Amino acid sequence: MAETKDQIRTDLTAAMKGRDSFTTGVLRMAMSAIGNEEVSGKSARALTNTEEQQVITKAVRQRHESAEAYVAGNRPELAEKEEAEAAVLAKYIPAPLTESEIDTIVTEEVGKIDGASLKQMGLIIKAVNARTQGRADGSMVAAKVKAALA
């Protein structure tokens, strides 16, 4: 069992003892998402800490997308709830990289390839994503790589 799941379980116990129903619900959802990922595929397996953080990152991203949809649908109270859930989950993932940090990584990866062109864009994006380890939005990385190669 990885440390992210252990931390969530500890915080879930504390939230239950403190009768914090909102946090309890969010953390139960996170534990459920991790459990579902563990049993998905051909056989059950224990996730690594990085894989657990990816599951939580996905959940945070889903909350932000839902909040945007609720704002567009003129439902600000539901958008606030989704953002609050995202804030609870965000404690369990590493902080996202800043744009300047992403720019630096993109520049380094483009510099590694002689005569880099748009044909190598996929290769460079893959290398950048490997270095950012889910701490950067994929569409932002793709846009920055494309801009660097243009």
# chains A, B, ... in the order shown; residues from 1 in each chain; ligands from 1
$ closest_atom_pairs --of "region 16-91 of chain A" --to "region 118-138 of chain A" --cutoff "12 Å" --atoms "only C-alpha atoms" --output "JSON lines"
{"residue": "A:Asn49", "atom": "CA", "partner": "A:Gln133", "partner_atom": "CA", "distance": 11.9}
{"residue": "A:Thr50", "atom": "CA", "partner": "A:Gln133", "partner_atom": "CA", "distance": 8.3}
{"residue": "A:Glu51", "atom": "CA", "partner": "A:Gly134", "partner_atom": "CA", "distance": 10.0}
{"residue": "A:Glu52", "atom": "CA", "partner": "A:Gly134", "partner_atom": "CA", "distance": 11.5}
{"residue": "A:Gln53", "atom": "CA", "partner": "A:Gly134", "partner_atom": "CA", "distance": 8.7}
{"residue": "A:Gln54", "atom": "CA", "partner": "A:Gly134", "partner_atom": "CA", "distance": 6.9}
{"residue": "A:Val55", "atom": "CA", "partner": "A:Gly134", "partner_atom": "CA", "distance": 10.4}
{"residue": "A:Ile56", "atom": "CA", "partner": "A:Gly134", "partner_atom": "CA", "distance": 10.7}
{"residue": "A:Thr57", "atom": "CA", "partner": "A:Gly134", "partner_atom": "CA", "distance": 7.8}
{"residue": "A:Lys58", "atom": "CA", "partner": "A:Gly134", "partner_atom": "CA", "distance": 9.5}
{"residue": "A:Arg61", "atom": "CA", "partner": "A:Asp137", "partner_atom": "CA", "distance": 9.7}
{"residue": "A:Ala90", "atom": "CA", "partner": "A:Arg135", "partner_atom": "CA", "distance": 11.6}
$ closest_atom_pairs --of "region 19-47 of chain A" --to "region 67-87 of chain A" --cutoff "9 Å" --atoms "only C-alpha atoms" --output "Markdown table"
| residue | atom | partner | partner_atom | distance |
| --- | --- | --- | --- | --- |
| A:Phe22 | CA | A:Glu85 | CA | 8.3 |
| A:Thr23 | CA | A:Glu85 | CA | 7.9 |
| A:Val26 | CA | A:Glu85 | CA | 6.3 |
$ select_by_dssp --residues "region 33-147 of chain A" --states "helix (DSSP H, G or I)" --output "NGL selection string"
:A and (33-39 or 49-72 or 76-90 or 99-112 or 118-132 or 138-147)
$ residues_around --residues "Arg9 (chain A)" --least-positions-apart "6" --cutoff "12 Å" --atoms "only C-alpha atoms" --output "list in words"
Met1, Ala2, Glu3, Ala15, Met16, Thr23, Thr24, Val26, Leu27, Arg28, Met29, Ala30, Met31, Ser32, Ile34 and Tyr92 of chain A
$ write_last_selection --atoms "C-alpha atoms" --output "compact mmCIF listing (two decimals), in the first residue's frame"
# COMPACT_ATOMS: atom_id res chain seq x y z
CA MET A 1 0.00 0.00 0.00
CA ALA A 2 1.38 3.38 -0.95
CA GLU A 3 1.61 6.44 1.23
CA ALA A 15 -12.90 13.38 9.49
CA MET A 16 -15.27 10.64 10.65
CA THR A 23 -14.71 15.73 3.96
CA THR A 24 -15.72 12.18 4.86
CA VAL A 26 -14.93 13.28 -0.51
CA LEU A 27 -12.29 11.03 1.04
CA ARG A 28 -14.53 7.96 0.74
CA MET A 29 -14.92 8.77 -2.95
CA ALA A 30 -11.13 9.02 -3.27
CA MET A 31 -10.63 5.67 -1.53
CA SER A 32 -13.26 4.15 -3.80
CA ILE A 34 -8.23 4.10 -5.84
CA TYR A 92 -2.97 14.60 -1.86
$ closest_residue --among "A:His64, A:Asp6, A:Ile105, A:Ala116" --to "Leu47 (chain A)" --atoms "only C-alpha atoms"
A:Asp6
$ closest_residue --among "A:Lys17, A:Lys144, A:Lys5, A:Lys91" --to "Thr48 (chain A)" --atoms "only C-alpha atoms"
A:Lys5
$ closest_residue --among "A:Ser117, A:Val39, A:Ser139, A:Leu12" --to "Val88 (chain A)" --atoms "only C-alpha atoms"
A:Leu12
$ atom_distance --atom1 "CA of Ile93 (chain A)" --atom2 "CA of Val141 (chain A)"
18.8 Å
$ closest_residue --among "A:Ala59, A:Ser40, A:Val145, A:Ala95" --to "Glu109 (chain A)" --atoms "only C-alpha atoms"
A:Val145
$ decode --residues "region 57-92 of chain A" --atoms "N, CA and C atoms" --output "short mmCIF file (atom, residue, chain, number, x, y, z; two decimals), in the first residue's frame"
data_model
loop_
_atom_site.label_atom_id
_atom_site.label_comp_id
_atom_site.auth_asym_id
_atom_site.auth_seq_id
_atom_site.Cartn_x
_atom_site.Cartn_y
_atom_site.Cartn_z
N THR A 57 -5.43 13.00 -9.17
CA THR A 57 -5.31 14.10 -10.13
C THR A 57 -6.48 14.07 -11.11
N LYS A 58 -6.82 12.89 -11.57
CA LYS A 58 -7.96 12.73 -12.48
C LYS A 58 -9.25 13.19 -11.81
N ALA A 59 -9.42 12.82 -10.54
CA ALA A 59 -10.62 13.22 -9.81
C ALA A 59 -10.68 14.74 -9.64
N VAL A 60 -9.54 15.36 -9.37
CA VAL A 60 -9.50 16.82 -9.23
C VAL A 60 -9.86 17.48 -10.56
N ARG A 61 -9.30 16.97 -11.64
CA ARG A 61 -9.59 17.51 -12.97
C ARG A 61 -11.08 17.37 -13.30
N GLN A 62 -11.67 16.23 -12.94
CA GLN A 62 -13.10 16.03 -13.16
C GLN A 62 -13.92 17.04 -12.38
N ARG A 63 -13.51 17.33 -11.15
CA ARG A 63 -14.24 18.32 -10.33
C ARG A 63 -14.17 19.70 -10.97
N HIS A 64 -13.00 20.08 -11.47
CA HIS A 64 -12.87 21.39 -12.11
C HIS A 64 -13.73 21.47 -13.37
N GLU A 65 -13.74 20.41 -14.16
CA GLU A 65 -14.56 20.40 -15.37
C GLU A 65 -16.04 20.47 -15.04
N SER A 66 -16.45 19.77 -14.00
CA SER A 66 -17.85 19.82 -13.57
C SER A 66 -18.22 21.21 -13.09
N ALA A 67 -17.30 21.84 -12.36
CA ALA A 67 -17.57 23.19 -11.86
C ALA A 67 -17.76 24.16 -13.04
N GLU A 68 -16.92 24.02 -14.07
CA GLU A 68 -17.07 24.88 -15.25
C GLU A 68 -18.42 24.66 -15.92
N ALA A 69 -18.84 23.40 -15.99
CA ALA A 69 -20.14 23.09 -16.60
C ALA A 69 -21.28 23.67 -15.76
N TYR A 70 -21.17 23.61 -14.45
CA TYR A 70 -22.21 24.17 -13.59
C TYR A 70 -22.27 25.70 -13.71
N VAL A 71 -21.11 26.33 -13.82
CA VAL A 71 -21.10 27.78 -14.01
C VAL A 71 -21.77 28.13 -15.33
N ALA A 72 -21.45 27.39 -16.38
CA ALA A 72 -22.06 27.63 -17.69
C ALA A 72 -23.57 27.38 -17.64
N GLY A 73 -24.00 26.46 -16.80
CA GLY A 73 -25.41 26.13 -16.65
C GLY A 73 -26.11 26.99 -15.61
N ASN A 74 -25.44 28.03 -15.13
CA ASN A 74 -26.00 28.96 -14.16
C ASN A 74 -26.38 28.26 -12.85
N ARG A 75 -25.48 27.40 -12.37
CA ARG A 75 -25.68 26.71 -11.10
C ARG A 75 -24.46 26.94 -10.20
N PRO A 76 -24.25 28.18 -9.73
CA PRO A 76 -23.04 28.49 -8.96
C PRO A 76 -22.92 27.72 -7.65
N GLU A 77 -24.03 27.34 -7.03
CA GLU A 77 -23.95 26.60 -5.76
C GLU A 77 -23.34 25.22 -5.97
N LEU A 78 -23.66 24.58 -7.09
CA LEU A 78 -23.07 23.27 -7.39
C LEU A 78 -21.60 23.42 -7.81
N ALA A 79 -21.30 24.52 -8.49
CA ALA A 79 -19.91 24.78 -8.89
C ALA A 79 -19.04 24.96 -7.64
N GLU A 80 -19.56 25.67 -6.65
CA GLU A 80 -18.81 25.86 -5.40
C GLU A 80 -18.55 24.53 -4.71
N LYS A 81 -19.54 23.65 -4.70
CA LYS A 81 -19.38 22.33 -4.08
C LYS A 81 -18.28 21.53 -4.79
N GLU A 82 -18.29 21.55 -6.12
CA GLU A 82 -17.28 20.82 -6.88
C GLU A 82 -15.88 21.38 -6.61
N GLU A 83 -15.77 22.71 -6.56
CA GLU A 83 -14.46 23.33 -6.28
C GLU A 83 -13.99 23.01 -4.86
N ALA A 84 -14.92 22.95 -3.92
CA ALA A 84 -14.55 22.58 -2.54
C ALA A 84 -14.05 21.15 -2.49
N GLU A 85 -14.70 20.25 -3.23
CA GLU A 85 -14.23 18.86 -3.29
C GLU A 85 -12.84 18.80 -3.91
N ALA A 86 -12.61 19.57 -4.97
CA ALA A 86 -11.29 19.59 -5.62
C ALA A 86 -10.23 20.09 -4.65
N ALA A 87 -10.58 21.07 -3.83
CA ALA A 87 -9.63 21.61 -2.86
C ALA A 87 -9.25 20.56 -1.82
N VAL A 88 -10.21 19.75 -1.39
CA VAL A 88 -9.91 18.69 -0.41
C VAL A 88 -8.97 17.67 -1.04
N LEU A 89 -9.25 17.27 -2.29
CA LEU A 89 -8.43 16.26 -2.95
C LEU A 89 -7.05 16.78 -3.34
N ALA A 90 -6.94 18.08 -3.60
CA ALA A 90 -5.67 18.66 -4.06
C ALA A 90 -4.56 18.51 -3.02
N LYS A 91 -4.92 18.29 -1.77
CA LYS A 91 -3.90 18.12 -0.73
C LYS A 91 -3.09 16.84 -0.92
N TYR A 92 -3.61 15.91 -1.73
CA TYR A 92 -2.97 14.60 -1.86
C TYR A 92 -2.16 14.46 -3.15
#
